[in-house]
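Undergrad: Next up, structure-v4.txt (compact mmCIF, N, CA and C atoms).
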```txt
# COMPACT_ATOMS: atom_id res chain seq x y z
N MET A 11 78.54 26.96 22.17
CA MET A 11 77.69 26.47 21.09
C MET A 11 76.59 27.48 20.83
N LYS A 12 76.41 27.79 19.55
CA LYS A 12 75.32 28.66 19.13
C LYS A 12 74.31 27.83 18.34
N VAL A 13 73.07 28.27 18.39
CA VAL A 13 72.04 27.74 17.50
C VAL A 13 71.97 28.72 16.33
N ILE A 14 72.19 28.20 15.12
CA ILE A 14 72.28 29.03 13.92
C ILE A 14 71.31 28.52 12.87
N THR A 15 70.52 29.43 12.31
CA THR A 15 69.63 29.10 11.20
C THR A 15 70.28 29.52 9.90
N ILE A 16 70.28 28.62 8.94
CA ILE A 16 70.80 28.90 7.60
C ILE A 16 69.72 29.63 6.80
N CYS A 17 70.11 30.72 6.14
CA CYS A 17 69.20 31.47 5.27
C CYS A 17 69.88 31.67 3.92
N GLY A 18 69.12 31.58 2.86
CA GLY A 18 69.68 31.80 1.53
C GLY A 18 68.77 31.28 0.45
N SER A 19 69.12 31.63 -0.76
CA SER A 19 68.37 31.18 -1.93
C SER A 19 68.61 29.69 -2.15
N LEU A 20 67.55 28.98 -2.51
CA LEU A 20 67.69 27.55 -2.78
C LEU A 20 68.55 27.26 -4.01
N LYS A 21 68.86 28.29 -4.80
CA LYS A 21 69.78 28.04 -5.92
C LYS A 21 71.19 27.77 -5.40
N PHE A 22 71.41 28.04 -4.11
CA PHE A 22 72.70 27.75 -3.48
C PHE A 22 72.58 26.54 -2.55
N GLU A 23 71.77 25.58 -2.95
CA GLU A 23 71.51 24.40 -2.11
C GLU A 23 72.79 23.69 -1.69
N SER A 24 73.71 23.48 -2.60
CA SER A 24 74.94 22.76 -2.24
C SER A 24 75.76 23.54 -1.23
N GLU A 25 75.82 24.86 -1.37
CA GLU A 25 76.55 25.70 -0.41
C GLU A 25 75.86 25.68 0.96
N MET A 26 74.53 25.67 0.94
CA MET A 26 73.78 25.63 2.20
C MET A 26 74.05 24.32 2.94
N LYS A 27 74.08 23.23 2.21
CA LYS A 27 74.37 21.94 2.83
C LYS A 27 75.80 21.90 3.35
N TYR A 28 76.74 22.42 2.57
CA TYR A 28 78.15 22.44 2.99
C TYR A 28 78.31 23.22 4.29
N TRP A 29 77.75 24.44 4.33
CA TRP A 29 77.92 25.29 5.50
C TRP A 29 77.13 24.80 6.70
N SER A 30 76.01 24.13 6.48
CA SER A 30 75.28 23.52 7.59
C SER A 30 76.17 22.49 8.28
N GLU A 31 76.80 21.65 7.48
CA GLU A 31 77.70 20.64 8.05
C GLU A 31 78.91 21.29 8.70
N ARG A 32 79.52 22.25 8.03
CA ARG A 32 80.72 22.91 8.54
C ARG A 32 80.45 23.57 9.90
N LEU A 33 79.35 24.30 10.00
CA LEU A 33 79.00 24.97 11.25
C LEU A 33 78.70 23.96 12.35
N GLU A 34 78.07 22.86 12.00
CA GLU A 34 77.76 21.81 12.98
C GLU A 34 79.06 21.13 13.44
N LEU A 35 79.98 20.86 12.52
CA LEU A 35 81.27 20.28 12.89
C LEU A 35 82.09 21.20 13.78
N ASP A 36 81.85 22.50 13.66
CA ASP A 36 82.53 23.48 14.51
C ASP A 36 81.89 23.60 15.90
N GLY A 37 80.85 22.80 16.16
CA GLY A 37 80.26 22.76 17.49
C GLY A 37 78.96 23.52 17.66
N ASN A 38 78.35 23.94 16.55
CA ASN A 38 77.08 24.65 16.62
C ASN A 38 75.92 23.70 16.36
N CYS A 39 74.74 24.13 16.73
CA CYS A 39 73.50 23.44 16.39
C CYS A 39 72.89 24.21 15.22
N VAL A 40 72.71 23.55 14.09
CA VAL A 40 72.27 24.23 12.88
C VAL A 40 70.85 23.84 12.52
N LEU A 41 70.03 24.86 12.27
CA LEU A 41 68.67 24.67 11.77
C LEU A 41 68.69 25.09 10.30
N SER A 42 68.33 24.18 9.44
CA SER A 42 68.44 24.44 8.01
C SER A 42 67.07 24.64 7.38
N VAL A 43 67.10 24.97 6.12
CA VAL A 43 65.87 25.16 5.35
C VAL A 43 65.31 23.79 4.96
N ILE A 44 64.07 23.81 4.52
CA ILE A 44 63.45 22.61 3.96
C ILE A 44 63.74 22.63 2.46
N TYR A 45 64.30 21.55 1.95
CA TYR A 45 64.59 21.45 0.53
C TYR A 45 63.36 20.89 -0.18
N PRO A 46 62.77 21.65 -1.10
CA PRO A 46 61.50 21.24 -1.72
C PRO A 46 61.62 19.98 -2.56
N ASN A 47 60.53 19.23 -2.57
CA ASN A 47 60.44 18.01 -3.36
C ASN A 47 59.65 18.22 -4.65
N ARG A 48 59.12 19.42 -4.82
CA ARG A 48 58.36 19.72 -6.04
C ARG A 48 58.59 21.18 -6.43
N GLU A 49 58.14 21.54 -7.59
CA GLU A 49 58.29 22.91 -8.08
C GLU A 49 57.45 23.86 -7.23
N LYS A 50 57.93 25.10 -7.10
CA LYS A 50 57.25 26.09 -6.26
C LYS A 50 55.78 26.26 -6.66
N ASP A 51 55.50 26.21 -7.95
CA ASP A 51 54.12 26.39 -8.42
C ASP A 51 53.19 25.25 -8.00
N ASN A 52 53.77 24.14 -7.52
CA ASN A 52 52.96 23.00 -7.12
C ASN A 52 52.63 23.00 -5.62
N TYR A 53 52.96 24.09 -4.93
CA TYR A 53 52.60 24.25 -3.53
C TYR A 53 51.41 25.19 -3.43
N THR A 54 50.52 24.92 -2.49
CA THR A 54 49.42 25.85 -2.24
C THR A 54 49.97 27.06 -1.48
N GLN A 55 49.21 28.12 -1.47
CA GLN A 55 49.63 29.31 -0.72
C GLN A 55 49.72 28.99 0.77
N GLU A 56 48.81 28.16 1.25
CA GLU A 56 48.85 27.76 2.66
C GLU A 56 50.15 27.01 2.97
N GLU A 57 50.57 26.12 2.07
CA GLU A 57 51.81 25.38 2.29
C GLU A 57 53.02 26.31 2.28
N ILE A 58 53.03 27.27 1.37
CA ILE A 58 54.12 28.25 1.31
C ILE A 58 54.15 29.07 2.59
N ASP A 59 52.97 29.49 3.05
CA ASP A 59 52.88 30.25 4.30
C ASP A 59 53.39 29.44 5.48
N ASN A 60 53.08 28.13 5.50
CA ASN A 60 53.55 27.26 6.58
C ASN A 60 55.07 27.12 6.57
N LEU A 61 55.64 26.99 5.38
CA LEU A 61 57.10 26.91 5.27
C LEU A 61 57.75 28.21 5.74
N THR A 62 57.15 29.34 5.36
CA THR A 62 57.69 30.64 5.76
C THR A 62 57.61 30.83 7.26
N SER A 63 56.47 30.53 7.85
CA SER A 63 56.34 30.71 9.30
C SER A 63 57.21 29.72 10.06
N GLY A 64 57.38 28.52 9.52
CA GLY A 64 58.28 27.55 10.14
C GLY A 64 59.72 28.04 10.15
N HIS A 65 60.13 28.68 9.05
CA HIS A 65 61.50 29.19 8.98
C HIS A 65 61.69 30.35 9.96
N LYS A 66 60.68 31.19 10.09
CA LYS A 66 60.76 32.29 11.07
C LYS A 66 60.83 31.74 12.49
N LYS A 67 60.14 30.65 12.77
CA LYS A 67 60.21 30.02 14.08
C LYS A 67 61.63 29.53 14.34
N LYS A 68 62.29 29.00 13.31
CA LYS A 68 63.68 28.58 13.45
C LYS A 68 64.56 29.77 13.83
N ILE A 69 64.31 30.90 13.19
CA ILE A 69 65.06 32.12 13.53
C ILE A 69 64.78 32.51 14.98
N ASP A 70 63.53 32.41 15.42
CA ASP A 70 63.18 32.71 16.81
C ASP A 70 63.98 31.86 17.78
N LEU A 71 64.19 30.59 17.45
CA LEU A 71 64.90 29.65 18.32
C LEU A 71 66.42 29.83 18.28
N SER A 72 66.90 30.61 17.32
CA SER A 72 68.34 30.73 17.07
C SER A 72 68.99 31.89 17.80
N ASP A 73 70.30 31.74 17.98
CA ASP A 73 71.13 32.84 18.45
C ASP A 73 71.55 33.72 17.29
N ALA A 74 71.64 33.12 16.09
CA ALA A 74 72.14 33.82 14.92
C ALA A 74 71.57 33.20 13.65
N ILE A 75 71.68 33.96 12.55
CA ILE A 75 71.42 33.39 11.23
C ILE A 75 72.72 33.47 10.44
N PHE A 76 72.89 32.52 9.54
CA PHE A 76 74.04 32.50 8.64
C PHE A 76 73.50 32.62 7.23
N VAL A 77 73.80 33.74 6.58
CA VAL A 77 73.24 34.03 5.26
C VAL A 77 74.22 33.56 4.19
N ILE A 78 73.72 32.69 3.32
CA ILE A 78 74.49 32.23 2.17
C ILE A 78 74.21 33.24 1.06
N ASN A 79 75.11 34.21 0.94
CA ASN A 79 74.95 35.29 -0.05
C ASN A 79 76.06 35.22 -1.09
N LYS A 80 76.17 34.07 -1.71
CA LYS A 80 77.20 33.82 -2.72
C LYS A 80 77.12 34.88 -3.83
N GLY A 81 78.27 35.47 -4.12
CA GLY A 81 78.31 36.51 -5.14
C GLY A 81 77.55 37.76 -4.73
N GLY A 82 77.23 37.88 -3.45
CA GLY A 82 76.47 39.03 -2.95
C GLY A 82 74.98 38.92 -3.17
N TYR A 83 74.52 37.78 -3.73
CA TYR A 83 73.10 37.64 -4.05
C TYR A 83 72.26 37.40 -2.80
N MET A 84 71.19 38.19 -2.68
CA MET A 84 70.17 37.98 -1.66
C MET A 84 68.83 38.35 -2.27
N GLY A 85 67.95 37.37 -2.37
CA GLY A 85 66.62 37.63 -2.89
C GLY A 85 65.73 38.29 -1.85
N ASN A 86 64.52 38.60 -2.25
CA ASN A 86 63.58 39.29 -1.35
C ASN A 86 63.26 38.48 -0.10
N SER A 87 63.13 37.17 -0.24
CA SER A 87 62.83 36.34 0.93
C SER A 87 63.96 36.40 1.95
N VAL A 88 65.19 36.33 1.46
CA VAL A 88 66.35 36.38 2.35
C VAL A 88 66.45 37.76 3.01
N LYS A 89 66.22 38.80 2.24
CA LYS A 89 66.24 40.15 2.82
C LYS A 89 65.19 40.27 3.92
N SER A 90 64.02 39.67 3.71
CA SER A 90 62.97 39.67 4.71
C SER A 90 63.40 38.91 5.96
N GLU A 91 64.08 37.79 5.77
CA GLU A 91 64.57 36.99 6.91
C GLU A 91 65.62 37.77 7.70
N ILE A 92 66.47 38.51 7.01
CA ILE A 92 67.48 39.33 7.69
C ILE A 92 66.80 40.41 8.53
N GLU A 93 65.81 41.07 7.96
CA GLU A 93 65.08 42.10 8.71
C GLU A 93 64.37 41.50 9.91
N TYR A 94 63.79 40.32 9.72
CA TYR A 94 63.12 39.63 10.83
C TYR A 94 64.13 39.33 11.94
N ALA A 95 65.29 38.82 11.56
CA ALA A 95 66.33 38.51 12.54
C ALA A 95 66.80 39.76 13.26
N LYS A 96 66.95 40.86 12.52
CA LYS A 96 67.38 42.12 13.15
C LYS A 96 66.37 42.58 14.19
N THR A 97 65.09 42.53 13.84
CA THR A 97 64.06 43.00 14.77
C THR A 97 63.96 42.12 16.02
N HIS A 98 64.48 40.89 15.90
CA HIS A 98 64.46 39.97 17.04
C HIS A 98 65.85 39.85 17.69
N HIS A 99 66.72 40.82 17.35
CA HIS A 99 68.04 40.95 17.99
C HIS A 99 68.91 39.71 17.86
N LYS A 100 68.89 39.11 16.66
CA LYS A 100 69.72 37.95 16.38
C LYS A 100 71.02 38.40 15.72
N GLU A 101 72.09 37.69 15.99
CA GLU A 101 73.36 37.95 15.31
C GLU A 101 73.20 37.54 13.85
N ILE A 102 73.75 38.33 12.95
CA ILE A 102 73.64 38.04 11.52
C ILE A 102 75.04 37.84 10.96
N LEU A 103 75.27 36.63 10.44
CA LEU A 103 76.56 36.26 9.86
C LEU A 103 76.35 36.07 8.37
N PHE A 104 77.34 36.48 7.59
CA PHE A 104 77.26 36.37 6.14
C PHE A 104 78.39 35.51 5.61
N LEU A 105 78.09 34.72 4.58
CA LEU A 105 79.14 33.97 3.89
C LEU A 105 80.15 34.94 3.29
N GLU A 106 79.65 35.98 2.61
CA GLU A 106 80.49 36.99 1.97
C GLU A 106 80.12 38.36 2.50
N ASN A 107 81.12 39.22 2.62
CA ASN A 107 80.87 40.59 3.11
C ASN A 107 80.13 41.42 2.10
```
Turn the structure described in the file into structure tokens.

TA:
Amino acid sequence: MKVITICGSLKFESEMKYWSERLELDGNCVLSVIYPNREKDNYTQEEIDNLTSGHKKKIDLSDAIFVINKGGYMGNSVKSEIEYAKTHHKEILFLEN
């Protein structure tokens, strides 16, 4: 069993939910993203910073990250999460090569 954090753009929310379940059904422990309840502009900078640091903590606790890069898309936040995972010697798995 691996602990795996899901990383990806929220525009792929349905894929993130699918793969979270799929990986968990395969015997892994999955840490997922927080799905926002309001528009990004309605969060304070402190709240955004808290969400970002919380997600990095999930990566710290993980053996690997699973990147939902549908169509090869990876935004700046996801690229930053990949670099963070690399510097912390985490396995990096991609939905698409």

Undergrad: Looking at only C-alpha atoms, which of A:Leu61, A:Cys17, A:Ile78, A:Leu41 is the one that sits closest to Tyr94 of chain A?

TA: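 Of the candidates, the smallest distance to Tyr94 of chain A is held by A:Cys17.
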
Undergrad: Separation of atom N of Met84 of chain A and atom N of Met26 of chain A, in Å?

TA: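 According to the coordinates, atom N of Met84 of chain A and atom N of Met26 of chain A are separated by 13.5 Å.
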
Undergrad: Check chain A with DSSP on the backbone and list each residue it calls alpha helix (DSSP H), as number ranges by chain.

TA: A: 23-35, 55-71, 86-97

Undergrad: Mind listing as number ranges by chain all residues within 8 Å of (62.5, 29.1, 8.6), counting only N, CA and C atoms?

TA: A: 15-17, 41-44, 60-70

Undergrad: Hey, can you spit out that residue selection with N, CA and C atoms as a tab-separated table (two decimals), in the coordinates of the input?

TA:
```tsv
chain	number	residue	atom	x	y	z
A	15	THR	N	70.52	29.43	12.31
A	15	THR	CA	69.63	29.10	11.20
A	15	THR	C	70.28	29.52	9.90
A	16	ILE	N	70.28	28.62	8.94
A	16	ILE	CA	70.80	28.90	7.60
A	16	ILE	C	69.72	29.63	6.80
A	17	CYS	N	70.11	30.72	6.14
A	17	CYS	CA	69.20	31.47	5.27
A	17	CYS	C	69.88	31.67	3.92
A	41	LEU	N	70.03	24.86	12.27
A	41	LEU	CA	68.67	24.67	11.77
A	41	LEU	C	68.69	25.09	10.30
A	42	SER	N	68.33	24.18	9.44
A	42	SER	CA	68.44	24.44	8.01
A	42	SER	C	67.07	24.64	7.38
A	43	VAL	N	67.10	24.97	6.12
A	43	VAL	CA	65.87	25.16	5.35
A	43	VAL	C	65.31	23.79	4.96
A	44	ILE	N	64.07	23.81	4.52
A	44	ILE	CA	63.45	22.61	3.96
A	44	ILE	C	63.74	22.63	2.46
A	60	ASN	N	53.08	28.13	5.50
A	60	ASN	CA	53.55	27.26	6.58
A	60	ASN	C	55.07	27.12	6.57
A	61	LEU	N	55.64	26.99	5.38
A	61	LEU	CA	57.10	26.91	5.27
A	61	LEU	C	57.75	28.21	5.74
A	62	THR	N	57.15	29.34	5.36
A	62	THR	CA	57.69	30.64	5.76
A	62	THR	C	57.61	30.83	7.26
A	63	SER	N	56.47	30.53	7.85
A	63	SER	CA	56.34	30.71	9.30
A	63	SER	C	57.21	29.72	10.06
A	64	GLY	N	57.38	28.52	9.52
A	64	GLY	CA	58.28	27.55	10.14
A	64	GLY	C	59.72	28.04	10.15
A	65	HIS	N	60.13	28.68	9.05
A	65	HIS	CA	61.50	29.19	8.98
A	65	HIS	C	61.69	30.35	9.96
A	66	LYS	N	60.68	31.19	10.09
A	66	LYS	CA	60.76	32.29	11.07
A	66	LYS	C	60.83	31.74	12.49
A	67	LYS	N	60.14	30.65	12.77
A	67	LYS	CA	60.21	30.02	14.08
A	67	LYS	C	61.63	29.53	14.34
A	68	LYS	N	62.29	29.00	13.31
A	68	LYS	CA	63.68	28.58	13.45
A	68	LYS	C	64.56	29.77	13.83
A	69	ILE	N	64.31	30.90	13.19
A	69	ILE	CA	65.06	32.12	13.53
A	69	ILE	C	64.78	32.51	14.98
A	70	ASP	N	63.53	32.41	15.42
A	70	ASP	CA	63.18	32.71	16.81
A	70	ASP	C	63.98	31.86	17.78
```

Undergrad: Which neighbours of Leu33 of chain A fall inside 12 Å, counting only C-alpha atoms, when residues of the same chain fewer than 4 positions from it are skipped, and could you give them as a PyMOL selection string?

TA: chain A and resi 11-16+25-29+37-42+74-76+103+105

Undergrad: Go ahead and write the residues just picked, N, CA and C atoms, as a CSV table (one decimal), in the frame of the given file.

TA:
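result09.csv, written as the output of this step:
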```csv
chain,number,residue,atom,x,y,z
A,11,MET,N,78.5,27.0,22.2
A,11,MET,CA,77.7,26.5,21.1
A,11,MET,C,76.6,27.5,20.8
A,12,LYS,N,76.4,27.8,19.6
A,12,LYS,CA,75.3,28.7,19.1
A,12,LYS,C,74.3,27.8,18.3
A,13,VAL,N,73.1,28.3,18.4
A,13,VAL,CA,72.0,27.7,17.5
A,13,VAL,C,72.0,28.7,16.3
A,14,ILE,N,72.2,28.2,15.1
A,14,ILE,CA,72.3,29.0,13.9
A,14,ILE,C,71.3,28.5,12.9
A,15,THR,N,70.5,29.4,12.3
A,15,THR,CA,69.6,29.1,11.2
A,15,THR,C,70.3,29.5,9.9
A,16,ILE,N,70.3,28.6,8.9
A,16,ILE,CA,70.8,28.9,7.6
A,16,ILE,C,69.7,29.6,6.8
A,25,GLU,N,75.8,24.9,-1.4
A,25,GLU,CA,76.6,25.7,-0.4
A,25,GLU,C,75.9,25.7,1.0
A,26,MET,N,74.5,25.7,0.9
A,26,MET,CA,73.8,25.6,2.2
A,26,MET,C,74.0,24.3,2.9
A,27,LYS,N,74.1,23.2,2.2
A,27,LYS,CA,74.4,21.9,2.8
A,27,LYS,C,75.8,21.9,3.4
A,28,TYR,N,76.7,22.4,2.6
A,28,TYR,CA,78.2,22.4,3.0
A,28,TYR,C,78.3,23.2,4.3
A,29,TRP,N,77.8,24.4,4.3
A,29,TRP,CA,77.9,25.3,5.5
A,29,TRP,C,77.1,24.8,6.7
A,37,GLY,N,80.8,22.8,16.2
A,37,GLY,CA,80.3,22.8,17.5
A,37,GLY,C,79.0,23.5,17.7
A,38,ASN,N,78.4,23.9,16.6
A,38,ASN,CA,77.1,24.6,16.6
A,38,ASN,C,75.9,23.7,16.4
A,39,CYS,N,74.7,24.1,16.7
A,39,CYS,CA,73.5,23.4,16.4
A,39,CYS,C,72.9,24.2,15.2
A,40,VAL,N,72.7,23.6,14.1
A,40,VAL,CA,72.3,24.2,12.9
A,40,VAL,C,70.8,23.8,12.5
A,41,LEU,N,70.0,24.9,12.3
A,41,LEU,CA,68.7,24.7,11.8
A,41,LEU,C,68.7,25.1,10.3
A,42,SER,N,68.3,24.2,9.4
A,42,SER,CA,68.4,24.4,8.0
A,42,SER,C,67.1,24.6,7.4
A,74,ALA,N,71.6,33.1,16.1
A,74,ALA,CA,72.1,33.8,14.9
A,74,ALA,C,71.6,33.2,13.6
A,75,ILE,N,71.7,34.0,12.6
A,75,ILE,CA,71.4,33.4,11.2
A,75,ILE,C,72.7,33.5,10.4
A,76,PHE,N,72.9,32.5,9.5
A,76,PHE,CA,74.0,32.5,8.6
A,76,PHE,C,73.5,32.6,7.2
A,103,LEU,N,75.3,36.6,10.4
A,103,LEU,CA,76.6,36.3,9.9
A,103,LEU,C,76.4,36.1,8.4
A,105,LEU,N,78.1,34.7,4.6
A,105,LEU,CA,79.1,34.0,3.9
A,105,LEU,C,80.2,34.9,3.3
```

Undergrad: State, in Å with one decimal place, the distance from atom CA of Asn47 of chain A to atom CA of Glu23 of chain A.

TA: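 According to the coordinates, atom CA of Asn47 of chain A and atom CA of Glu23 of chain A are separated by 12.8 Å.
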
Undergrad: Nearest to Asn107 of chain A: which of A:Lys21, A:Val88, A:Asp59, A:Asn79 is it, counting only N, CA and C atoms?

TA: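 Closest candidate: A:Asn79.
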
Undergrad: Would you compute the distance between atom CA of Lys80 of chain A and atom C of Asn52 of chain A? Give it in Å to one decimal.

TA: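 Computed distance, atom CA of Lys80 of chain A to atom C of Asn52 of chain A, equals 27.0 Å.
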
Undergrad: Can you check which residues of chain A DSSP gives as strand (DSSP E) on the backbone and send them as an MDAnalysis selection string?

TA: chainID A and resid 13:18 39:41 74:78 101:104
